[in-house]
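Peer 1: First, the structure itself, so that you have it in front of you.
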Amino acid sequence: DSLGQSSGFQSHQYRLIEFMLGNRNVAMLRPHAHDPSITAQLEGELAQPSLYDVALRILSNTIALPEEVTSRDVSKPYQAHDAVQEAWTRVYETPETHWELYELAEKLVDFEDYFRRWRFNHVTTVERVIGFKRGTGGTGGVSYLKRMLDVELFPELWHLRTEL
């Protein structure tokens, strides 16, 4: 009953996870506008650095990153930055020099890989159960969920592989 008409994908708990990971879509506050305490909790999470923001601050302790990356407004969605990709590329080119950063990057990639698999499993389960009907929370259902498969949480860690 606490989910109302929506799926777990639209629950405030799932939204907290997405916000923590860096998928900061402020429009996702609207489904929770009816509950001020949940909205406040979600807004509080948006004010905190995401997991990737924290990782980038750790990276910047060893390899300087531009201020626009390290001091960005963390409530807004992260935008990939060339300097970040160059820094992670340095880490990957010399892992023996930057072992802890390399391990951090690989753990982030592992985590996102698992998270993408979970999203994919969710999409296929929804398609199996309701087909292409409108989603329970008012979304396009499967079409909306398939778009979520393209969301990248740690973009430079995926894109740098083309350059290596």
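How things are named: the first chain in the structure tokens is A, the next is B, and so on; residues count from 1 in each chain; ligands count from 1 in the order shown.
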Write down as a count of residues only the residues of stretch 11-113 of chain A whose backbone DSSP state falls under helix (DSSP H, G or I).
Peer 2: 69
Peer 1: Write out, as CSV, each residue of stretch 90-133 of chain A that has an atom at most 12 Å from stretch 148-151 of chain A, together with the closest pair of atoms and their distance in Å to one decimal, counting only C-alpha atoms, rows going by chain and rising number.
Peer 2:
```
residue,atom,partner,partner_atom,distance
A:Glu112,CA,A:Val151,CA,10.1
A:Asp113,CA,A:Leu149,CA,10.9
A:Tyr114,CA,A:Leu149,CA,12.0
A:Phe115,CA,A:Leu149,CA,9.7
A:Arg116,CA,A:Leu149,CA,6.5
A:Arg117,CA,A:Leu149,CA,8.9
A:Trp118,CA,A:Leu149,CA,9.8
A:Arg119,CA,A:Leu149,CA,6.6
A:Phe120,CA,A:Leu149,CA,6.8
A:Asn121,CA,A:Leu149,CA,10.4
A:His122,CA,A:Leu149,CA,10.2
A:Val123,CA,A:Leu149,CA,8.7
A:Thr124,CA,A:Leu149,CA,11.4
```
Peer 1: Would you kindly return, as number ranges by chain, each protein, DNA or RNA residue with an atom no farther than 10 Å from any atom of A:Arg57, considering only C-alpha atoms and excluding same-chain residues fewer than 5 positions away?
Peer 2: A: 49, 52, 62-65, 69-71
Peer 1: Ranking A:Asp82, A:Glu43, A:Glu163, A:Glu103 by minimum distance to A:Glu68 and counting only C-alpha atoms, which one comes first?
Peer 2: A:Asp82
Peer 1: Which residues are near A:Ala87? Cut-off 10 Å, only C-alpha atoms, ignore same chain within fewer than 2 positions. Put them as a PDB file with N, CA and C atoms, in the first residue's frame.
Peer 2:
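To be explicit, this is the file written out as selection_22.pdb:
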```pdb
ATOM      1  N   LEU A  56      35.333  11.502  -7.190  1.00  0.00           N
ATOM      2  CA  LEU A  56      36.081  12.525  -7.931  1.00  0.00           C
ATOM      3  C   LEU A  56      36.896  13.401  -6.988  1.00  0.00           C
ATOM      4  N   LEU A  59      39.899  11.345  -6.280  1.00  0.00           N
ATOM      5  CA  LEU A  59      40.765  11.401  -7.460  1.00  0.00           C
ATOM      6  C   LEU A  59      41.525  12.725  -7.509  1.00  0.00           C
ATOM      7  N   SER A  60      40.831  13.824  -7.208  1.00  0.00           N
ATOM      8  CA  SER A  60      41.463  15.154  -7.306  1.00  0.00           C
ATOM      9  C   SER A  60      42.545  15.373  -6.257  1.00  0.00           C
ATOM     10  N   THR A  62      44.945  13.397  -5.908  1.00  0.00           N
ATOM     11  CA  THR A  62      46.156  12.899  -6.558  1.00  0.00           C
ATOM     12  C   THR A  62      46.371  13.552  -7.918  1.00  0.00           C
ATOM     13  N   ILE A  63      45.300  13.707  -8.672  1.00  0.00           N
ATOM     14  CA  ILE A  63      45.374  14.301 -10.012  1.00  0.00           C
ATOM     15  C   ILE A  63      44.422  15.489 -10.016  1.00  0.00           C
ATOM     16  N   ALA A  64      44.984  16.673 -10.210  1.00  0.00           N
ATOM     17  CA  ALA A  64      44.176  17.896 -10.136  1.00  0.00           C
ATOM     18  C   ALA A  64      43.035  17.872 -11.148  1.00  0.00           C
ATOM     19  N   LEU A  65      41.865  18.248 -10.665  1.00  0.00           N
ATOM     20  CA  LEU A  65      40.682  18.394 -11.514  1.00  0.00           C
ATOM     21  C   LEU A  65      40.236  19.847 -11.460  1.00  0.00           C
ATOM     22  N   ASP A  82      35.894  16.329 -19.864  1.00  0.00           N
ATOM     23  CA  ASP A  82      37.109  15.809 -20.499  1.00  0.00           C
ATOM     24  C   ASP A  82      38.266  15.667 -19.512  1.00  0.00           C
ATOM     25  N   ALA A  83      38.420  16.629 -18.600  1.00  0.00           N
ATOM     26  CA  ALA A  83      39.526  16.565 -17.637  1.00  0.00           C
ATOM     27  C   ALA A  83      39.384  15.368 -16.705  1.00  0.00           C
ATOM     28  N   VAL A  84      38.156  14.999 -16.385  1.00  0.00           N
ATOM     29  CA  VAL A  84      37.925  13.830 -15.532  1.00  0.00           C
ATOM     30  C   VAL A  84      38.304  12.568 -16.300  1.00  0.00           C
ATOM     31  N   GLN A  85      37.906  12.500 -17.554  1.00  0.00           N
ATOM     32  CA  GLN A  85      38.269  11.322 -18.346  1.00  0.00           C
ATOM     33  C   GLN A  85      39.785  11.224 -18.500  1.00  0.00           C
ATOM     34  N   THR A  89      41.989   8.187 -17.183  1.00  0.00           N
ATOM     35  CA  THR A  89      42.834   7.504 -18.177  1.00  0.00           C
ATOM     36  C   THR A  89      44.260   7.370 -17.648  1.00  0.00           C
ATOM     37  N   ARG A  90      44.775   8.418 -16.997  1.00  0.00           N
ATOM     38  CA  ARG A  90      46.116   8.329 -16.387  1.00  0.00           C
ATOM     39  C   ARG A  90      46.165   7.200 -15.367  1.00  0.00           C
ATOM     40  N   VAL A  91      45.128   7.081 -14.584  1.00  0.00           N
ATOM     41  CA  VAL A  91      45.055   6.018 -13.576  1.00  0.00           C
ATOM     42  C   VAL A  91      45.116   4.659 -14.260  1.00  0.00           C
ATOM     43  N   TYR A  92      44.356   4.494 -15.319  1.00  0.00           N
ATOM     44  CA  TYR A  92      44.296   3.201 -16.012  1.00  0.00           C
ATOM     45  C   TYR A  92      45.572   2.902 -16.792  1.00  0.00           C
ATOM     46  N   GLU A  93      46.246   3.937 -17.250  1.00  0.00           N
ATOM     47  CA  GLU A  93      47.500   3.709 -17.990  1.00  0.00           C
ATOM     48  C   GLU A  93      48.645   3.322 -17.066  1.00  0.00           C
ATOM     49  N   GLU A 156      32.736   8.748 -17.424  1.00  0.00           N
ATOM     50  CA  GLU A 156      34.129   8.723 -17.894  1.00  0.00           C
ATOM     51  C   GLU A 156      34.767   7.346 -17.732  1.00  0.00           C
ATOM     52  N   LEU A 160      36.360   6.046 -21.235  1.00  0.00           N
ATOM     53  CA  LEU A 160      37.820   6.008 -21.378  1.00  0.00           C
ATOM     54  C   LEU A 160      38.304   4.709 -22.015  1.00  0.00           C
TER      55      LEU A 160
END
```
